[in-house]
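Enquirer: final.cif is the file, holding mmCIF, C-alpha atoms:
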data_coords
loop_
_atom_site.label_atom_id
_atom_site.label_comp_id
_atom_site.auth_asym_id
_atom_site.auth_seq_id
_atom_site.Cartn_x
_atom_site.Cartn_y
_atom_site.Cartn_z
CA MET A 69 18.86 32.63 -8.64
CA GLU A 70 18.36 34.09 -5.24
CA ALA A 71 16.33 31.71 -3.16
CA LYS A 72 14.53 33.77 -0.58
CA SER A 73 12.10 31.83 1.47
CA GLU A 74 12.27 30.62 5.01
CA LEU A 75 10.15 27.79 6.30
CA PRO A 76 8.24 28.95 9.38
CA SER A 77 7.96 26.79 12.42
CA SER A 78 4.79 24.74 12.87
CA SER A 79 2.16 25.91 15.35
CA ALA A 80 1.68 22.52 16.92
CA SER A 81 0.17 22.40 20.37
CA PRO A 82 2.57 22.53 23.32
CA GLY A 83 3.90 19.21 24.45
CA CYS A 84 3.36 17.50 21.12
CA ILE A 85 6.92 17.90 19.85
CA THR A 86 9.51 16.11 21.90
CA PRO A 87 13.00 17.48 22.66
CA LEU A 88 14.32 14.90 20.20
CA ASP A 89 12.12 16.42 17.47
CA SER A 90 13.34 19.91 18.32
CA ALA A 91 16.94 18.79 18.24
CA LEU A 92 16.40 17.09 14.92
CA LEU A 93 14.80 20.18 13.41
CA SER A 94 17.46 22.56 14.71
CA SER A 95 20.31 20.31 13.59
CA LEU A 96 19.45 20.69 9.92
CA PRO A 97 21.29 23.39 7.95
CA MET A 98 19.23 26.52 7.52
CA SER A 99 20.62 29.84 6.41
CA PRO A 100 18.40 32.92 6.70
CA ASP A 101 18.52 33.41 2.95
CA THR A 102 17.68 29.84 2.05
CA LEU A 103 14.05 29.42 3.06
CA ARG A 104 11.91 32.46 3.82
CA PHE A 105 8.21 33.24 3.45
CA ASP A 106 7.97 36.94 2.64
CA ASP A 107 4.75 38.86 2.95
CA ASP A 108 5.76 40.72 -0.19
CA ASP A 109 5.26 37.65 -2.33
CA ASP A 110 1.59 38.42 -2.88
CA ASP A 111 2.20 38.93 -6.60
CA GLU A 112 1.97 36.44 -6.91
CA ASP A 113 -6.48 1.20 -9.75
CA ASP A 114 -8.42 2.37 -13.47
CA LEU A 115 -9.75 2.03 -16.86
CA GLU A 116 -13.35 2.96 -17.14
CA VAL A 117 -14.79 -0.20 -15.62
CA PHE A 118 -18.43 -1.15 -15.92
CA SER A 119 -19.25 -2.59 -12.50
CA LYS A 120 -21.46 -5.67 -12.28
CA ASP A 121 -23.35 -3.91 -9.51
CA THR A 122 -23.28 -0.16 -9.88
CA THR A 123 -25.06 0.34 -6.57
CA LEU A 124 -22.55 -0.18 -3.81
CA THR A 125 -23.75 -1.23 -0.41
CA ASP A 126 -22.04 -1.00 2.93
CA GLY A 127 -21.82 -4.77 2.95
CA ASN A 128 -19.59 -5.35 -0.06
CA SER A 129 -17.74 -2.10 -0.37
CA PHE A 130 -18.34 1.32 1.10
CA SER A 131 -20.99 3.98 0.87
CA PRO A 132 -20.43 6.32 -2.08
CA LEU A 133 -19.38 9.72 -0.88
CA VAL A 134 -21.62 12.66 -1.67
CA LEU A 135 -19.14 15.31 -2.68
CA THR A 136 -19.17 18.81 -3.95
CA SER A 137 -16.39 20.21 -6.04
CA PRO A 138 -13.66 21.14 -3.57
CA SER A 139 -11.60 24.07 -4.75
CA SER A 140 -7.89 23.68 -5.12
CA MET A 141 -5.78 25.95 -2.97
CA THR A 142 -4.17 27.14 -6.16
CA ASN A 143 -7.50 28.48 -7.36
CA GLN A 144 -7.87 30.77 -4.36
CA TYR A 145 -5.44 33.31 -5.74
CA LYS A 146 -4.32 34.54 -9.12
CA PHE A 147 -1.01 35.38 -10.74
CA GLU A 148 -0.54 38.51 -12.80
CA ASP A 149 -0.14 36.53 -16.01
CA GLU A 150 -3.28 34.46 -15.49
CA THR A 151 -6.60 35.31 -17.07
CA ASP A 152 -9.51 36.44 -14.93
CA VAL A 153 -11.79 33.70 -16.22
CA LYS A 154 -11.06 30.03 -15.53
CA ASP A 155 -11.95 27.99 -18.61
CA ILE A 156 -11.72 24.42 -17.29
CA PHE A 157 -13.16 22.87 -14.12
CA ILE A 158 -12.29 19.33 -13.03
CA THR A 159 -13.81 17.31 -10.20
CA VAL A 160 -12.71 13.89 -8.93
CA ASP A 161 -15.48 12.17 -6.97
CA GLU A 162 -17.76 9.13 -6.65
CA PRO A 163 -15.23 6.38 -5.93
CA GLU A 164 -16.41 2.88 -6.81
CA SER A 165 -15.01 -0.47 -5.78
CA HIS A 166 -14.54 -3.12 -8.47
CA ILE A 167 -13.79 -6.79 -7.87
CA THR A 168 -12.62 -9.05 -10.68
CA ALA A 169 -11.23 -12.56 -10.73
CA ILE A 170 -7.66 -11.28 -10.50
CA GLU A 171 -7.82 -7.94 -8.68
CA THR A 172 -9.76 -5.47 -6.60
CA PHE A 173 -9.45 -1.78 -7.36
CA ILE A 174 -11.12 1.61 -7.11
CA THR A 175 -12.25 3.86 -9.94
CA TYR A 176 -13.04 7.55 -9.64
CA ARG A 177 -15.37 9.69 -11.68
CA ILE A 178 -13.60 12.53 -13.52
CA ALA A 179 -16.11 15.27 -14.39
CA THR A 180 -14.84 18.08 -16.64
CA LYS A 181 -16.54 21.29 -17.70
CA THR A 182 -14.76 23.58 -20.14
CA THR A 183 -15.26 26.43 -22.59
CA ARG A 184 -12.12 25.66 -24.60
CA SER A 185 -12.64 25.42 -28.34
CA GLU A 186 -10.27 22.47 -28.77
CA PHE A 187 -12.66 20.24 -26.81
CA ASP A 188 -15.49 18.59 -28.76
CA SER A 189 -18.01 19.24 -26.00
CA SER A 190 -18.38 21.42 -22.94
CA GLU A 191 -18.86 18.55 -20.47
CA PHE A 192 -17.18 15.17 -20.10
CA GLU A 193 -17.48 12.34 -17.61
CA VAL A 194 -15.15 9.34 -17.45
CA ARG A 195 -13.95 6.86 -14.85
CA ARG A 196 -10.27 6.32 -14.16
CA ARG A 197 -8.23 4.16 -11.82
CA TYR A 198 -4.93 4.96 -10.16
CA GLN A 199 -2.92 3.28 -12.94
CA ASP A 200 -4.36 5.78 -15.42
CA PHE A 201 -3.14 8.68 -13.30
CA LEU A 202 0.32 7.11 -13.22
CA TRP A 203 0.25 6.87 -17.01
CA LEU A 204 -0.71 10.55 -17.33
CA LYS A 205 2.06 11.66 -14.99
CA SER A 206 4.60 9.59 -16.91
CA ARG A 207 3.52 11.11 -20.24
CA LEU A 208 3.73 14.62 -18.82
CA GLU A 209 7.23 13.96 -17.50
CA ASP A 210 8.33 12.66 -20.90
CA ALA A 211 6.76 15.53 -22.83
CA HIS A 212 7.87 18.29 -20.43
CA PRO A 213 11.13 17.18 -18.78
CA THR A 214 12.05 20.74 -17.74
CA LEU A 215 8.76 21.48 -15.96
CA ILE A 216 7.81 20.60 -12.40
CA ILE A 217 5.09 17.96 -12.68
CA PRO A 218 2.66 17.77 -9.73
CA PRO A 219 3.13 14.63 -7.59
CA LEU A 220 0.70 11.75 -7.16
CA PRO A 221 -0.05 10.01 -3.86
CA GLU A 222 2.06 6.90 -3.40
CA LYS A 223 0.80 3.51 -4.54
CA PHE A 224 0.56 1.34 -1.45
CA ILE A 225 2.46 -1.95 -1.49
CA VAL A 226 0.91 -5.37 -0.95
CA LYS A 227 1.34 -5.44 2.83
CA GLY A 228 -0.87 -2.38 3.06
CA MET A 229 -3.59 -3.90 0.94
CA VAL A 230 -6.04 -4.15 3.82
CA GLU A 231 -5.93 -0.38 4.38
CA ARG A 232 -6.32 0.43 0.70
CA PHE A 233 -10.07 0.07 0.68
CA ASN A 234 -11.30 1.74 3.84
CA ASP A 235 -13.25 4.97 3.58
CA GLU A 236 -10.51 7.17 5.04
CA PHE A 237 -7.86 5.95 2.60
CA ILE A 238 -10.18 6.27 -0.39
CA GLU A 239 -11.21 9.81 0.54
CA THR A 240 -7.59 10.85 1.14
CA ARG A 241 -6.57 9.49 -2.24
CA ARG A 242 -9.58 11.09 -3.95
CA LYS A 243 -8.59 14.51 -2.62
CA ALA A 244 -4.98 14.00 -3.75
CA LEU A 245 -6.05 12.93 -7.24
CA HIS A 246 -8.43 15.89 -7.45
CA LYS A 247 -5.61 18.25 -6.54
CA PHE A 248 -3.24 16.56 -9.01
CA LEU A 249 -5.58 17.17 -11.95
CA ASN A 250 -6.37 20.73 -10.89
CA ARG A 251 -2.67 21.53 -10.50
CA ILE A 252 -2.22 20.43 -14.11
CA ALA A 253 -5.29 22.38 -15.24
CA ASP A 254 -3.95 25.54 -13.58
CA HIS A 255 -0.49 25.19 -15.14
CA PRO A 256 0.00 27.51 -18.15
CA THR A 257 1.73 24.79 -20.20
CA LEU A 258 0.64 21.40 -18.88
CA THR A 259 -3.04 22.29 -19.18
CA PHE A 260 -2.78 22.19 -23.00
CA ASN A 261 -1.02 18.83 -23.15
CA GLU A 262 -2.75 16.43 -25.57
CA ASP A 263 -2.43 13.42 -23.25
CA PHE A 264 -4.12 15.45 -20.50
CA LYS A 265 -7.02 16.20 -22.83
CA ILE A 266 -7.33 12.53 -23.79
CA PHE A 267 -7.23 11.51 -20.13
CA LEU A 268 -10.16 13.82 -19.38
CA THR A 269 -12.31 12.97 -22.38
CA ALA A 270 -11.57 9.52 -23.85
CA GLN A 271 -13.74 6.51 -23.14
CA ALA A 272 -12.10 3.38 -21.77
CA TRP A 273 -11.33 1.65 -25.06
CA MET A 274 -9.98 4.89 -26.58
CA LEU A 275 -7.66 5.47 -23.64
CA THR A 276 -6.44 1.86 -23.81
CA SER A 277 -5.71 2.27 -27.51
CA HIS A 278 -3.90 5.55 -26.93
CA LYS A 279 -1.74 3.99 -24.22
CA LYS A 280 -0.52 1.35 -26.68
CA GLN A 281 0.83 3.96 -29.08
CA GLY A 282 4.57 4.54 -29.04
CA PRO A 283 6.11 7.69 -27.57
CA GLY A 284 5.86 10.77 -29.75
CA LEU A 285 8.57 13.19 -30.79
CA PHE A 286 8.40 15.29 -27.63
CA SER A 287 8.45 12.22 -25.45
CA ARG A 288 11.59 10.94 -27.18
CA MET A 289 13.17 14.38 -26.85
CA GLY A 290 12.38 14.35 -23.14
CA GLN A 291 14.03 10.97 -22.71
CA THR A 292 17.09 12.24 -24.58
CA ILE A 293 17.34 15.32 -22.38
CA LYS A 294 17.11 13.19 -19.25
CA ALA A 295 19.82 10.88 -20.57
CA VAL A 296 22.15 13.80 -21.32
CA ALA A 297 21.43 15.31 -17.92
CA SER A 298 22.39 12.07 -16.24
CA SER A 299 25.66 12.02 -18.14
CA VAL A 300 26.73 15.44 -16.88
CA ARG A 301 25.97 15.00 -13.20
CA GLY A 302 29.62 15.50 -12.44
CA VAL A 303 29.76 19.02 -13.86
CA LYS A 304 31.62 21.18 -11.36
CA ASN A 305 31.44 24.65 -12.91
CA ARG A 306 27.76 25.20 -12.53
CA PRO A 307 26.20 28.69 -12.54
CA GLU A 308 25.79 30.28 -9.12
CA GLU A 309 22.08 30.58 -9.79
CA PHE A 310 21.79 26.83 -10.20
CA THR A 311 23.87 26.21 -7.07
CA ASP A 312 21.40 28.32 -5.09
CA LEU A 313 18.52 26.28 -6.52
CA VAL A 314 20.15 22.99 -5.53
CA ASP A 315 20.92 24.26 -2.02
CA TYR A 316 17.35 25.46 -1.64
CA VAL A 317 15.92 22.10 -2.71
CA ASP A 318 18.22 20.21 -0.32
CA VAL A 319 17.24 22.28 2.71
CA PHE A 320 13.57 22.39 1.71
CA SER A 321 13.49 18.60 1.33
CA GLN A 322 15.17 18.01 4.70
CA LYS A 323 12.89 20.38 6.58
CA LEU A 324 9.69 19.13 4.95
CA ASN A 325 10.55 15.48 5.60
CA VAL A 326 11.12 16.17 9.30
CA LEU A 327 7.97 18.30 9.49
CA ASP A 328 5.98 15.56 7.77
CA LYS A 329 7.15 12.89 10.22
CA VAL A 330 6.54 15.07 13.30
CA THR A 331 3.08 16.10 12.08
CA GLN A 332 2.16 12.47 11.42
CA ARG A 333 3.27 11.58 14.95
CA ILE A 334 1.26 14.46 16.45
CA TYR A 335 -1.79 13.27 14.55
CA LYS A 336 -1.38 9.71 15.85
CA GLU A 337 -0.98 10.91 19.44
CA GLU A 338 -4.02 13.18 19.17
CA LYS A 339 -6.10 10.33 17.74
CA ASP A 340 -5.05 8.11 20.65
CA TYR A 341 -5.90 10.90 23.11
CA CYS A 342 -9.26 11.33 21.41
CA GLU A 343 -10.07 7.63 21.77
CA GLU A 344 -9.23 7.81 25.49
CA LEU A 345 -11.55 10.81 25.90
CA LYS A 346 -14.31 8.90 24.15
CA GLU A 347 -14.10 6.14 26.77
CA TYR A 348 -13.45 8.51 29.69
CA GLY A 349 -16.82 10.31 29.79
CA PRO A 350 -19.08 7.24 30.09
CA ILE A 351 -17.16 6.18 33.22
CA TYR A 352 -18.63 9.15 35.11
CA THR A 353 -22.11 8.36 33.81
CA LEU A 354 -21.88 4.78 35.11
CA TRP A 355 -20.36 5.95 38.38
CA SER A 356 -23.20 8.42 38.98
CA ALA A 357 -25.66 5.52 39.25
CA SER A 358 -24.08 4.47 42.55
CA GLU A 359 -23.48 7.95 43.99
CA GLU A 360 -26.82 9.54 44.71
CA ASP A 361 -25.41 12.80 46.05
CA LEU A 362 -23.02 13.26 43.12
CA VAL A 363 -25.33 12.52 40.20
CA ASP A 364 -25.39 16.06 38.80
CA PRO A 365 -21.64 16.80 39.11
CA MET A 366 -20.73 13.45 37.58
CA LYS A 367 -23.16 13.84 34.71
CA GLY A 368 -21.77 17.34 34.23
CA MET A 369 -18.25 15.91 34.06
CA ALA A 370 -19.38 13.27 31.57
CA GLY A 371 -21.04 15.88 29.37
CA SER A 372 -18.03 18.21 29.50
CA ILE A 373 -15.63 15.43 28.60
CA ASP A 374 -17.89 14.36 25.74
CA ARG A 375 -17.94 17.91 24.34
CA CYS A 376 -14.16 18.11 24.61
CA TYR A 377 -13.91 14.77 22.84
CA ARG A 378 -16.02 16.06 19.96
CA VAL A 379 -14.03 19.27 19.44
CA THR A 380 -10.77 17.32 19.76
CA ASP A 381 -11.99 14.83 17.18
CA THR A 382 -12.84 17.72 14.86
CA LEU A 383 -9.39 19.22 15.38
CA SER A 384 -7.74 15.89 14.62
CA SER A 385 -9.81 15.51 11.46
CA LYS A 386 -8.78 18.96 10.27
CA LEU A 387 -5.13 18.17 10.93
CA SER A 388 -5.48 14.99 8.90
CA GLY A 389 -7.54 16.57 6.15
CA ASP A 390 -5.87 19.96 5.76
CA LEU A 391 -2.31 20.25 7.05
CA ILE A 392 -0.93 16.72 6.59
CA PRO A 393 -1.90 16.40 2.90
CA ILE A 394 -0.34 19.74 1.89
CA ILE A 395 2.90 19.01 3.76
CA HIS A 396 3.13 15.53 2.27
CA GLU A 397 2.36 16.85 -1.20
CA TYR A 398 5.39 19.13 -1.00
CA VAL A 399 7.51 16.28 0.34
CA LEU A 400 6.65 14.48 -2.90
CA TYR A 401 7.29 17.71 -4.81
CA SER A 402 10.79 17.88 -3.32
CA GLU A 403 11.50 14.41 -4.74
CA THR A 404 10.35 15.65 -8.14
CA LEU A 405 12.57 18.72 -7.83
CA ASN A 406 15.61 16.59 -7.09
CA LEU A 407 15.07 14.90 -10.46
CA THR A 408 14.11 18.02 -12.40
CA GLU A 409 17.09 20.07 -11.27
CA GLU A 410 19.39 17.76 -13.22
CA ILE A 411 18.08 19.37 -16.41
CA GLU A 412 19.59 22.68 -15.29
CA LYS A 413 23.06 21.14 -15.65
CA LEU A 414 22.69 21.05 -19.44
CA GLU A 415 23.33 24.82 -19.43
CA ASP A 416 24.11 26.07 -22.95
CA LYS A 417 23.34 22.72 -24.59
CA VAL A 418 19.64 23.13 -23.99
CA GLU A 419 19.24 26.82 -23.16
CA CYS A 420 15.51 26.88 -23.92
CA ALA A 421 14.95 23.97 -21.54
CA ASN A 422 17.01 25.81 -18.94
CA ASN A 423 14.82 28.91 -19.22
CA ALA A 424 11.63 26.83 -19.06
CA LEU A 425 12.75 25.25 -15.80
CA LYS A 426 13.62 28.63 -14.30
CA ALA A 427 10.22 30.06 -15.17
CA ASP A 428 8.39 27.03 -13.79
CA TRP A 429 10.57 27.10 -10.68
CA GLU A 430 9.47 30.66 -9.90
CA ARG A 431 5.82 29.75 -10.45
CA TRP A 432 6.16 26.68 -8.23
CA LYS A 433 7.70 28.73 -5.41
CA GLN A 434 4.82 31.19 -5.51
CA ASN A 435 2.33 28.34 -5.30
CA MET A 436 4.26 26.71 -2.47
CA HIS A 437 4.46 29.94 -0.45
CA CYS A 438 0.72 30.50 -0.73
CA ASP A 439 -0.23 26.87 0.01
CA LEU A 440 1.94 26.51 3.10
CA LYS A 441 1.03 29.94 4.49
CA LEU A 442 -2.64 29.06 4.15
CA ALA A 443 -2.16 25.62 5.72
CA PHE A 444 -0.23 27.06 8.70
CA THR A 445 -2.70 29.88 9.37
CA ASP A 446 -5.63 27.46 9.11
CA MET A 447 -3.94 25.18 11.62
CA ALA A 448 -3.43 28.11 14.01
CA ASP A 449 -7.11 29.09 13.70
CA ASN A 450 -8.20 25.49 14.29
CA ARG A 451 -6.06 25.25 17.43
CA ILE A 452 -7.40 28.53 18.80
CA ASN A 453 -11.00 27.48 18.18
CA HIS A 454 -10.37 24.09 19.79
CA TYR A 455 -8.89 25.52 22.99
CA GLU A 456 -11.56 28.24 23.22
CA GLU A 457 -14.33 25.63 22.97
CA CYS A 458 -12.70 23.41 25.59
CA LEU A 459 -12.16 26.42 27.87
CA ALA A 460 -15.80 27.49 27.51
CA THR A 461 -16.94 23.94 28.29
CA TRP A 462 -14.98 23.70 31.53
CA GLU A 463 -15.86 27.25 32.60
CA ALA A 464 -19.54 26.40 32.16
CA PHE A 465 -19.06 23.25 34.25
CA LEU A 466 -17.32 25.18 37.03
CA SER A 467 -20.02 27.82 36.99
CA SER A 468 -22.74 25.19 37.29
CA GLN A 469 -21.02 23.59 40.26
CA THR A 470 -20.25 26.76 42.19
CA SER A 471 -23.90 27.81 41.89
CA ASP A 472 -25.25 24.33 42.79
CA PRO A 473 -27.92 24.86 45.52
CA GLN A 474 -27.23 21.38 46.98
CA LEU A 475 -23.55 22.24 47.49
CA ASP A 476 -24.47 25.62 48.97
CA SER A 477 -26.91 24.07 51.45
CA LYS A 478 -24.35 21.46 52.52
CA THR A 479 -21.79 24.20 53.05
CA ASP A 480 -24.26 26.14 55.23
CA ASP A 481 -25.04 23.00 57.30
CA GLN A 482 -21.36 22.36 57.92
CA SER A 483 -20.82 25.92 59.05
#
As structure tokens, please, write out the structure in this file.

Expert:
Amino acid sequence: MEAKSELPSSSASPGCITPLDSALLSSLPMSPDTLRFDDDDDDEDDLEVFSKDTTLTDGNSFSPLVLTSPSSMTNQYKFEDETDVKDIFITVDEPESHITAIETFITYRIATKTTRSEFDSSEFEVRRRYQDFLWLKSRLEDAHPTLIIPPLPEKFIVKGMVERFNDEFIETRRKALHKFLNRIADHPTLTFNEDFKIFLTAQAWMLTSHKKQGPGLFSRMGQTIKAVASSVRGVKNRPEEFTDLVDYVDVFSQKLNVLDKVTQRIYKEEKDYCEELKEYGPIYTLWSASEEDLVDPMKGMAGSIDRCYRVTDTLSSKLSGDLIPIIHEYVLYSETLNLTEEIEKLEDKVECANNALKADWERWKQNMHCDLKLAFTDMADNRINHYEECLATWEAFLSSQTSDPQLDSKTDDQS
């Protein structure tokens, strides 16, 4: 298989990436034919819990988020083999905090609308916790070992427990869970999985009962395939097509991990800069109280800095909400690919599984190309808008000062 996609460089603002970062990026192996984005590729924690107090207040939890149905990036384009009409719509929203004697966790509302005949109704609404999503992912991996299963956000460990329940974390996880379910819904095979249907429609007790059932035939077959794949990891005479796939995944994983770390660092530095700007403006306002002749210029400085703070804060939020999640999602995807590619080593023993992986691999690459292109172009637009707004702010300040009648009169007196 000819891997033909090249990962473009990030459009981060100047000065954000250190020489060490650049050296680290350039030191990784990268052949021109390994990773390329071609413009021609356009063809392409939670049972349903009944809370003791269903109305959450800011005092004991967090304000429920009023959300619309955000569209998945995947839904913004179509493949040739996809139908024109989408027949299932899934929304993850309305997070709720639940506190029991032994644990504290969050549940999310899963709202589904569908026109599929295999569903008993056209609309469903259930609540699920993160553990339920983990169960679904595990069942999909067992039932479809040769397909690329969308990743879930990581489950934070105990030392991060404090951060698990702030608004930012909950909203970030909600978006990731929403994308996870919509990735499955958009997949031509996974979308018809029976466990997926049960996850979307079953009430709490039904889901609990279903979880207790033993693995089915396909699940056992998947476990067998994985076991055989593990036993042939030492195969040396692998097809050239598979070798290209492995090389692609290795380079892709390395580049995305570095890009993820650098982007996270840029975000942290920009947030710190934003906090400094927030405190910087009021200093001029306080200072103006003791400088009678400089009241207007100092208030102008304070206002300009405040406007720059606001646009910088917006830019930082977009970086956190748009670019970072998509990069991190594909970092998690690369970990999935490293496991899935082992199935390819079965070669003739499981030829149908081999073909299934190849087909899903091509579909995944098309999705990845579109997602990353969109994320990078959005970041570029956000940066341009940010700098234009800051430039306009400071130009307006300069214009107001050069036309200040007080300054003009003082200049005339001195002359």

Enquirer: Could you state the separation of CA of Ile170 in chain A and CA of Phe248 in chain A in Å, given to one decimal place?

Expert: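 Taking CA of Ile170 in chain A as the start and CA of Phe248 in chain A as the end point, the length is 28.2 Å.
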
Enquirer: Taking the file above as input, evaluate the PyMOL selection byres ((chain A and resi 270) around 12) and report the hits as a JSON list (two decimals) with C-alpha atoms, keeping the file's coordinate frame.

Expert:
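Below you can see selection.json, which holds the result:
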[["chain", "number", "residue", "atom", "x", "y", "z"],
["A", 115, "LEU", "CA", -9.75, 2.03, -16.86],
["A", 116, "GLU", "CA", -13.35, 2.96, -17.14],
["A", 178, "ILE", "CA", -13.60, 12.53, -13.52],
["A", 179, "ALA", "CA", -16.11, 15.27, -14.39],
["A", 180, "THR", "CA", -14.84, 18.08, -16.64],
["A", 187, "PHE", "CA", -12.66, 20.24, -26.81],
["A", 188, "ASP", "CA", -15.49, 18.59, -28.76],
["A", 189, "SER", "CA", -18.01, 19.24, -26.00],
["A", 192, "PHE", "CA", -17.18, 15.17, -20.10],
["A", 193, "GLU", "CA", -17.48, 12.34, -17.61],
["A", 194, "VAL", "CA", -15.15, 9.34, -17.45],
["A", 195, "ARG", "CA", -13.95, 6.86, -14.85],
["A", 196, "ARG", "CA", -10.27, 6.32, -14.16],
["A", 200, "ASP", "CA", -4.36, 5.78, -15.42],
["A", 262, "GLU", "CA", -2.75, 16.43, -25.57],
["A", 263, "ASP", "CA", -2.43, 13.42, -23.25],
["A", 264, "PHE", "CA", -4.12, 15.45, -20.50],
["A", 265, "LYS", "CA", -7.02, 16.20, -22.83],
["A", 266, "ILE", "CA", -7.33, 12.53, -23.79],
["A", 267, "PHE", "CA", -7.23, 11.51, -20.13],
["A", 268, "LEU", "CA", -10.16, 13.82, -19.38],
["A", 269, "THR", "CA", -12.31, 12.97, -22.38],
["A", 271, "GLN", "CA", -13.74, 6.51, -23.14],
["A", 272, "ALA", "CA", -12.10, 3.38, -21.77],
["A", 273, "TRP", "CA", -11.33, 1.65, -25.06],
["A", 274, "MET", "CA", -9.98, 4.89, -26.58],
["A", 275, "LEU", "CA", -7.66, 5.47, -23.64],
["A", 276, "THR", "CA", -6.44, 1.86, -23.81],
["A", 277, "SER", "CA", -5.71, 2.27, -27.51],
["A", 278, "HIS", "CA", -3.90, 5.55, -26.93],
["A", 279, "LYS", "CA", -1.74, 3.99, -24.22]]

Enquirer: Can you list, as a list in words, the residues that the PyMOL selection byres ((chain A and resi 332) around 12) selects here?

Expert: Ala80, Cys84, Ile85, Leu324, Asn325, Val326, Leu327, Asp328, Lys329, Val330, Thr331, Arg333, Ile334, Tyr335, Lys336, Glu337, Glu338, Lys339, Ser384, Leu387, Ser388, Gly389, Leu391, Ile392, Pro393, Ile395 and His396 of chain A

Enquirer: Please evaluate the PyMOL selection byres ((chain A and resi 163) around 7) against the structure above and give the resulting residues as a list of chain:residue names.

Expert: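 For this structure, the PyMOL selection byres ((chain A and resi 163) around 7) resolves to A:Pro132, A:Asp161, A:Glu162, A:Glu164, A:Ser165, A:Ile174, A:Thr175, A:Tyr176, A:Arg177.
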
Enquirer: Using only C-alpha atoms for the distances, tell me which of A:Thr404, A:Gln469, A:Gln199, A:Thr380 is nearest to Val363 in chain A.

Expert: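 Between A:Thr404, A:Gln469, A:Gln199, A:Thr380, the residue approaching Val363 in chain A most closely is A:Gln469.
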
Enquirer: Need the shell around range 463-466 of chain A: protein/DNA/RNA residues with any atom at most 10 Å away, counting only C-alpha atoms. Skip same-chain ones fewer than 3 positions apart. Format as JSON, numbers by chain?

Expert: {"A": [365, 368, 369, 371, 372, 457, 458, 459, 460, 469, 470, 471, 472]}

Enquirer: Could you please determine the separation between CA of Trp355 in chain A and CA of Ala370 in chain A in Å, to one decimal place?

Expert: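 Value for the CA of Trp355 in chain A-CA of Ala370 in chain A distance: 10.0 Å.
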
Enquirer: State, in Å with one decimal place, the distance from CA of Asn435 in chain A to CA of Pro218 in chain A.

Expert: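 These two atoms are separated by 11.5 Å.
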
Enquirer: Let me make sure I understand: among A:Tyr377, A:Trp203, A:Tyr198, A:Tyr341, which one has the smallest atom-to-atom distance to Phe173 in chain A if we use all atoms listed in the file?

Expert: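 Checking each of A:Tyr377, A:Trp203, A:Tyr198, A:Tyr341 against Phe173 in chain A, counting all atoms listed in the file, the winner is A:Tyr198.
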
Enquirer: Of the candidates A:Ile394, A:Leu258, A:Ala357, A:Val399, which shows the shortest atom-to-atom distance to Ser321 in chain A, using all atoms listed in the file?

Expert: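 Answer, going by the shortest atom-to-atom distance: A:Val399.
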
Enquirer: Pick out the closest residue to Leu313 in chain A from this set: A:Thr240, A:Thr259, A:Ser402, A:Thr353. Count all atoms listed in the file.

Expert: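 Checking each of A:Thr240, A:Thr259, A:Ser402, A:Thr353 against Leu313 in chain A, counting all atoms listed in the file, the winner is A:Ser402.
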
Enquirer: Counting all atoms listed in the file, find residues at most 12 Å from (2.6, 26.1, -14.0) (file frame) and give them as an MDAnalysis selection string.

Expert: chainID A and resid 142 146:147 149:150 212 214:218 250:260 424:436
